[in-house]
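Below: the structure, in structure tokens.
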2 protein chains.
Amino acid sequence: MQRYRQLQIKLTPQRLAILSYLNGNKTHPSAEDIYKAVKKQFPTMSFATVYNTLEALKNRGGVMELKIDDKRKRYDPDSTKHHHFICTKCRSIVDIFKDYKLSLPDELKKGFDVTGNSIEFYGTCRKCKKGSEQ
Amino acid sequence: MQRYRQLQIKLTPQRLAILSYLNGNKTHPSAEDIYKAVKKQFPTMSFATVYNTLEALKNRGGVMELKIDDKRKRYDPDSTKHHHFICTKCRSIVDIFKDYKLSLPDELKKGFDVTGNSIEFYGTCRKCKKGSEQ
DNA sequence: GAGTTATTTTAGAATTATTCTCAGTTGATA
DNA sequence: TATCAACTGAGAATAATTCTAAAATAACTC
Ligand SMILES: [Mn+2]
Ligand SMILES: [Mn+2]
Ligand SMILES: [Zn+2]
Ligand SMILES: [Zn+2]
């Protein structure tokens, strides 16, 4: 809990609740998911607080913003390098920990300064596969 | 021009203008980019027509929807398999044609049905690199 | 512990991208 | 040339996110 102190943000009860919800969370929740979960403990919690906190965390590397879902942003408290599998049916997002060491040949990167990459694998998750079977 | 006929959509002047704007376009435009460009020829063009046409094209593989930009959807008339480089400063998106043959080990994909993948390379484009130099 | 203050919270309004509505129009087919 | 399902377009509706500003408070100082 006290490792949140290193984030250099004012530790309010609302923020601690958000951090606690995010800690170890592998569901890649949306802002609304977070809002709903934390509102149970803090009925006065507002969306602005969720977004403000996510913004503060983002700036400090405490959370990553995923652009994977076309409807809403998703947040990932694990900011170590990894990739994702996305189920196109239920929108669930699953971590893929594997370093692919992708290199971009000079003739393709024409002067770009490449600082990173991320891979998205698409398909159907096990649950949705089962569900669609006859 | 007549190859648009194979798309099986009613060919209206508005749609032809959109198709002509998209044809060979490598800028990965947003709906607004398309709207603004086509409105020059069709002052009565509406956003609904742009979105309707993009939806029809999407369903027929005539255009791909990119979730790369966190502000708005981007559209790619090239639906052949390729990846992208995204400049985090100016948001420009550049095609990367290279087949990386990414395989997902069984122990990682746990029953998923993986149908495809896409890679995003991040960094600074040549123009933005120059611009930020002293 | 009390005082100070910059930061944060919150309800609600504002913004923005996208989707919807529906009345009028039109491309495609026969 | 007549028919009609599909399309257009102005504007309204929706939904995610951001903004506003007044009240509250964490953290720092004494
Ligand atoms: Mn993840
Ligand atoms: Mn492309
Ligand atoms: Zn699924
Ligand atoms: Zn750039």
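Every chain in the structure tokens takes a letter, A first, then B, and so on in the order presented; its residues are numbered from 1, and the ligands are numbered from 1 following the presented order.
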Chain B residues near ligand 3 within 12 Å, closest pair each, using only C-alpha atoms and all ligand atoms, as JSON lines:
{"residue": "B:Gly111", "atom": "CA", "partner": "ligand 3", "partner_atom_place_in_ligand_line": "1 (Zn)", "distance": 11.0}
{"residue": "B:Phe112", "atom": "CA", "partner": "ligand 3", "partner_atom_place_in_ligand_line": "1 (Zn)", "distance": 8.8}
{"residue": "B:Asp113", "atom": "CA", "partner": "ligand 3", "partner_atom_place_in_ligand_line": "1 (Zn)", "distance": 9.9}
{"residue": "B:Val114", "atom": "CA", "partner": "ligand 3", "partner_atom_place_in_ligand_line": "1 (Zn)", "distance": 11.5}
Least-squares fit on all C-alpha atoms, paired in order: put chain A onto chain B and return it as an mmCIF file with C-alpha atoms, in the first residue's frame.
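part.cif, written as the output of this step:
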data_model
loop_
_atom_site.group_PDB
_atom_site.id
_atom_site.type_symbol
_atom_site.label_atom_id
_atom_site.label_comp_id
_atom_site.auth_asym_id
_atom_site.auth_seq_id
_atom_site.Cartn_x
_atom_site.Cartn_y
_atom_site.Cartn_z
ATOM 1 C CA MET A 1 -14.293 2.749 -61.425
ATOM 2 C CA GLN A 2 -16.479 -0.117 -62.446
ATOM 3 C CA ARG A 3 -14.686 -2.391 -60.023
ATOM 4 C CA TYR A 4 -16.748 -0.657 -57.353
ATOM 5 C CA ARG A 5 -19.700 -2.502 -58.802
ATOM 6 C CA GLN A 6 -18.400 -5.681 -57.258
ATOM 7 C CA LEU A 7 -18.977 -4.129 -53.853
ATOM 8 C CA GLN A 8 -22.685 -4.785 -54.328
ATOM 9 C CA ILE A 9 -23.735 -1.394 -53.100
ATOM 10 C CA LYS A 10 -25.860 1.170 -54.837
ATOM 11 C CA LEU A 11 -23.458 3.514 -56.590
ATOM 12 C CA THR A 12 -24.459 7.043 -55.766
ATOM 13 C CA PRO A 13 -22.411 10.099 -56.742
ATOM 14 C CA GLN A 14 -21.616 10.686 -53.072
ATOM 15 C CA ARG A 15 -20.317 7.168 -52.668
ATOM 16 C CA LEU A 16 -18.243 7.407 -55.807
ATOM 17 C CA ALA A 17 -16.688 10.599 -54.468
ATOM 18 C CA ILE A 18 -15.847 8.878 -51.191
ATOM 19 C CA LEU A 19 -14.460 5.848 -53.009
ATOM 20 C CA SER A 20 -12.413 8.059 -55.249
ATOM 21 C CA TYR A 21 -11.004 9.918 -52.250
ATOM 22 C CA LEU A 22 -10.125 6.653 -50.551
ATOM 23 C CA ASN A 23 -8.699 4.930 -53.604
ATOM 24 C CA GLY A 24 -4.957 4.686 -53.146
ATOM 25 C CA ASN A 25 -5.093 7.004 -50.139
ATOM 26 C CA LYS A 26 -2.315 6.161 -47.690
ATOM 27 C CA THR A 27 -3.064 8.800 -45.052
ATOM 28 C CA HIS A 28 -5.438 6.661 -42.978
ATOM 29 C CA PRO A 29 -8.051 9.423 -42.818
ATOM 30 C CA SER A 30 -10.663 9.923 -40.137
ATOM 31 C CA ALA A 31 -14.356 10.237 -40.960
ATOM 32 C CA GLU A 32 -13.966 13.986 -40.655
ATOM 33 C CA ASP A 33 -11.033 14.033 -43.074
ATOM 34 C CA ILE A 34 -13.195 12.213 -45.603
ATOM 35 C CA TYR A 35 -16.177 14.436 -44.913
ATOM 36 C CA LYS A 36 -14.176 17.621 -45.423
ATOM 37 C CA ALA A 37 -12.534 16.395 -48.597
ATOM 38 C CA VAL A 38 -15.730 15.176 -50.224
ATOM 39 C CA LYS A 39 -17.798 18.146 -49.093
ATOM 40 C CA LYS A 40 -15.828 20.271 -51.533
ATOM 41 C CA GLN A 41 -17.496 18.485 -54.439
ATOM 42 C CA PHE A 42 -20.776 17.836 -52.626
ATOM 43 C CA PRO A 43 -21.611 20.763 -50.379
ATOM 44 C CA THR A 44 -24.683 18.961 -49.097
ATOM 45 C CA MET A 45 -22.696 15.912 -48.072
ATOM 46 C CA SER A 46 -23.539 14.865 -44.539
ATOM 47 C CA PHE A 47 -21.572 12.985 -41.913
ATOM 48 C CA ALA A 48 -24.260 10.314 -41.935
ATOM 49 C CA THR A 49 -23.443 9.529 -45.540
ATOM 50 C CA VAL A 50 -19.757 9.236 -44.766
ATOM 51 C CA TYR A 51 -20.439 6.907 -41.863
ATOM 52 C CA ASN A 52 -23.063 4.937 -43.785
ATOM 53 C CA THR A 53 -20.711 4.418 -46.679
ATOM 54 C CA LEU A 54 -17.821 3.433 -44.435
ATOM 55 C CA GLU A 55 -20.096 0.935 -42.697
ATOM 56 C CA ALA A 56 -21.148 -0.578 -46.034
ATOM 57 C CA LEU A 57 -17.543 -0.778 -47.181
ATOM 58 C CA LYS A 58 -16.400 -2.271 -43.894
ATOM 59 C CA ASN A 59 -18.935 -5.075 -44.201
ATOM 60 C CA ARG A 60 -17.637 -5.870 -47.661
ATOM 61 C CA GLY A 61 -13.940 -5.696 -46.848
ATOM 62 C CA GLY A 62 -13.510 -2.503 -48.846
ATOM 63 C CA VAL A 63 -12.079 -0.610 -45.923
ATOM 64 C CA MET A 64 -10.547 -1.383 -42.544
ATOM 65 C CA GLU A 65 -11.291 0.460 -39.346
ATOM 66 C CA LEU A 66 -8.183 1.257 -37.329
ATOM 67 C CA LYS A 67 -8.329 1.636 -33.552
ATOM 68 C CA ILE A 68 -4.908 3.204 -33.441
ATOM 69 C CA ASP A 69 -5.864 6.786 -32.684
ATOM 70 C CA ASP A 70 -7.427 7.305 -29.280
ATOM 71 C CA LYS A 71 -9.414 10.316 -30.426
ATOM 72 C CA ARG A 72 -11.167 8.987 -33.496
ATOM 73 C CA LYS A 73 -11.429 6.019 -35.793
ATOM 74 C CA ARG A 74 -9.153 5.967 -38.793
ATOM 75 C CA TYR A 75 -9.922 4.226 -42.051
ATOM 76 C CA ASP A 76 -7.620 2.256 -44.290
ATOM 77 C CA PRO A 77 -8.691 1.476 -47.868
ATOM 78 C CA ASP A 78 -5.891 -1.065 -48.118
ATOM 79 C CA SER A 79 -7.295 -4.191 -46.554
ATOM 80 C CA THR A 80 -4.357 -6.413 -47.408
ATOM 81 C CA LYS A 81 -2.402 -7.670 -44.425
ATOM 82 C CA HIS A 82 0.015 -5.060 -43.137
ATOM 83 C CA HIS A 83 1.085 -3.277 -39.992
ATOM 84 C CA HIS A 84 1.542 0.341 -38.953
ATOM 85 C CA PHE A 85 3.966 2.824 -37.560
ATOM 86 C CA ILE A 86 2.329 5.605 -35.538
ATOM 87 C CA CYS A 87 4.005 8.890 -34.741
ATOM 88 C CA THR A 88 3.052 9.727 -31.176
ATOM 89 C CA LYS A 89 3.575 13.419 -31.848
ATOM 90 C CA CYS A 90 1.679 14.163 -35.062
ATOM 91 C CA ARG A 91 -0.488 11.014 -35.135
ATOM 92 C CA SER A 92 0.521 10.178 -38.692
ATOM 93 C CA ILE A 93 0.166 6.519 -39.550
ATOM 94 C CA VAL A 94 2.486 4.820 -42.004
ATOM 95 C CA ASP A 95 2.143 1.385 -43.538
ATOM 96 C CA ILE A 96 4.617 -1.354 -42.726
ATOM 97 C CA PHE A 97 4.542 -4.155 -45.250
ATOM 98 C CA LYS A 98 6.377 -7.069 -43.722
ATOM 99 C CA ASP A 99 5.112 -10.460 -42.724
ATOM 100 C CA TYR A 100 6.330 -11.268 -39.226
ATOM 101 C CA LYS A 101 4.795 -14.737 -39.081
ATOM 102 C CA LEU A 102 3.994 -14.430 -35.405
ATOM 103 C CA SER A 103 3.182 -17.686 -33.747
ATOM 104 C CA LEU A 104 1.491 -18.033 -30.413
ATOM 105 C CA PRO A 105 2.714 -21.029 -28.403
ATOM 106 C CA ASP A 106 -0.037 -23.364 -27.250
ATOM 107 C CA GLU A 107 0.660 -22.726 -23.593
ATOM 108 C CA LEU A 108 -0.084 -19.043 -24.179
ATOM 109 C CA LYS A 109 -3.165 -19.333 -26.298
ATOM 110 C CA LYS A 110 -5.124 -21.677 -24.078
ATOM 111 C CA GLY A 111 -7.920 -22.678 -26.396
ATOM 112 C CA PHE A 112 -8.172 -19.418 -28.285
ATOM 113 C CA ASP A 113 -8.935 -19.448 -31.933
ATOM 114 C CA VAL A 114 -6.441 -16.947 -33.297
ATOM 115 C CA THR A 115 -7.457 -15.595 -36.687
ATOM 116 C CA GLY A 116 -5.020 -12.736 -37.129
ATOM 117 C CA ASN A 117 -2.782 -10.140 -35.602
ATOM 118 C CA SER A 118 -1.680 -6.611 -36.125
ATOM 119 C CA ILE A 119 1.412 -4.825 -34.980
ATOM 120 C CA GLU A 120 1.756 -1.176 -34.092
ATOM 121 C CA PHE A 121 5.165 0.393 -33.963
ATOM 122 C CA TYR A 122 5.393 3.584 -31.941
ATOM 123 C CA GLY A 123 7.828 6.429 -32.140
ATOM 124 C CA THR A 124 8.586 9.720 -33.801
ATOM 125 C CA CYS A 125 8.392 10.305 -37.508
ATOM 126 C CA ARG A 126 11.182 11.998 -39.396
ATOM 127 C CA LYS A 127 9.308 15.269 -39.691
ATOM 128 C CA CYS A 128 8.562 15.481 -35.949
ATOM 129 C CA LYS A 129 12.125 14.488 -35.083
ATOM 130 C CA LYS A 130 13.468 17.378 -37.133
ATOM 131 C CA GLY A 131 10.896 19.782 -35.739
ATOM 132 C CA SER A 132 11.854 19.090 -32.125
ATOM 133 C CA GLU A 133 15.575 19.537 -32.701
ATOM 134 C CA GLN A 134 17.258 22.668 -31.496
#
Within 9 Å of DT15 in chain C, counting only C-alpha atoms (C1' of nucleotides), which residues qualify if same-chain residues fewer than 2 places away don't, as a list in words?
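Neighbouring residues, sequence-local ones excluded: DT17, DT18 and DC19 of chain D.
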Take the selection from the previous step and output its residues with C-alpha atoms (C1' of nucleotides), as a compact mmCIF listing (two decimals), in the first residue's frame.
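Listing of again-v3.txt after writing:
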# COMPACT_ATOMS: atom_id res chain seq x y z
C1' DT D 17 -14.75 11.80 -22.06
C1' DT D 18 -13.44 16.42 -20.49
C1' DC D 19 -14.37 20.68 -18.23
Looking only at strand (DSSP E or B) from DSSP on the backbone, list the matching residues of range 81-113 of chain B as number ranges by chain.
B: 83-87, 93-96, 113
Take C1' of DG24 in chain C and C1' of DC4 in chain D and report the distance between them in Å, one decimal.
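These atoms are spaced 13.9 Å apart.
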Write out as a PyMOL selection string all residues of range 26-125 of chain B that backbone DSSP assigns to alpha helix (DSSP H).
chain B and resi 31-39+47-59+106-109
Non-local contacts of DT29 in chain D (10 Å; only C-alpha atoms (C1' of nucleotides); under 2 positions in same chain excluded) as a list in words:
DG3 and DT4 of chain C; DA27 of chain D
Would you mind exporting N, CA and C atoms (P, O5', C5', C4', C3', O3' and C1' of nucleotides) of the selected residues as a PDB file, in the first residue's frame?
ATOM      1  P    DG C   3      -5.924  27.036  14.243  1.00  0.00           P
ATOM      2  O5'  DG C   3      -4.782  27.167  13.145  1.00  0.00           O
ATOM      3  C5'  DG C   3      -3.579  27.911  13.438  1.00  0.00           C
ATOM      4  C4'  DG C   3      -2.859  28.226  12.148  1.00  0.00           C
ATOM      5  C3'  DG C   3      -3.755  28.845  11.069  1.00  0.00           C
ATOM      6  O3'  DG C   3      -2.962  29.784  10.349  1.00  0.00           O
ATOM      7  C1'  DG C   3      -2.925  26.766  10.294  1.00  0.00           C
ATOM      8  P    DT C   4      -3.555  30.553   9.069  1.00  0.00           P
ATOM      9  O5'  DT C   4      -2.890  29.710   7.895  1.00  0.00           O
ATOM     10  C5'  DT C   4      -1.466  29.561   7.859  1.00  0.00           C
ATOM     11  C4'  DT C   4      -1.064  28.942   6.542  1.00  0.00           C
ATOM     12  C3'  DT C   4      -1.821  29.478   5.330  1.00  0.00           C
ATOM     13  O3'  DT C   4      -0.877  29.802   4.327  1.00  0.00           O
ATOM     14  C1'  DT C   4      -1.967  27.109   5.395  1.00  0.00           C
TER      15       DT C   4
ATOM     16  P    DA D  27      -1.429  12.452   1.775  1.00  0.00           P
ATOM     17  O5'  DA D  27      -0.575  13.781   1.993  1.00  0.00           O
ATOM     18  C5'  DA D  27      -0.288  14.613   0.873  1.00  0.00           C
ATOM     19  C4'  DA D  27       0.522  15.813   1.326  1.00  0.00           C
ATOM     20  C3'  DA D  27       1.674  15.471   2.279  1.00  0.00           C
ATOM     21  O3'  DA D  27       2.790  16.246   1.886  1.00  0.00           O
ATOM     22  C1'  DA D  27       0.315  17.091   3.248  1.00  0.00           C
TER      23       DA D  27
END
Test item: chain C residues at most 12 Å from chain A, counting only C-alpha atoms (C1' of nucleotides), as a PDB file with C-alpha atoms (C1' of nucleotides), in the first residue's frame:
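File iface.pdb, as written:
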ATOM      1  C1'  DA C   6      -2.161  23.562  -3.348  1.00  0.00           C
ATOM      2  C1'  DT C   7      -4.466  19.622  -4.766  1.00  0.00           C
ATOM      3  C1'  DT C   8      -8.498  16.908  -5.145  1.00  0.00           C
ATOM      4  C1'  DT C   9     -13.437  15.764  -5.179  1.00  0.00           C
ATOM      5  C1'  DT C  10     -17.842  16.148  -7.027  1.00  0.00           C
ATOM      6  C1'  DA C  11     -22.265  17.213  -9.486  1.00  0.00           C
ATOM      7  C1'  DG C  12     -23.413  18.763 -13.335  1.00  0.00           C
ATOM      8  C1'  DA C  17     -17.329  11.329 -32.110  1.00  0.00           C
ATOM      9  C1'  DT C  18     -20.611   8.446 -33.692  1.00  0.00           C
TER      10       DT C  18
END
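Going from C1' of DA5 in chain D to C1' of DG27 in chain C covers 10.1 Å.
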C1' of DC22 in chain C and C1' of DT3 in chain D are how many Å apart?
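Value for the C1' of DC22 in chain C-C1' of DT3 in chain D distance: 20.9 Å.
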Counting only C-alpha atoms (C1' of nucleotides), collect the residues of chain D whose closest atom lies at most 8 Å from chain B, and write them out as a short mmCIF file (atom, residue, chain, number, x, y, z; two decimals) with C-alpha atoms (C1' of nucleotides), in the first residue's frame.
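Written out: result_34.cif:
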data_model
loop_
_atom_site.label_atom_id
_atom_site.label_comp_id
_atom_site.auth_asym_id
_atom_site.auth_seq_id
_atom_site.Cartn_x
_atom_site.Cartn_y
_atom_site.Cartn_z
"C1'" DA D 6 -31.70 1.50 -50.78
"C1'" DC D 7 -29.71 5.90 -50.00
"C1'" DT D 8 -29.22 10.89 -48.56
"C1'" DG D 9 -29.13 14.53 -45.36
#
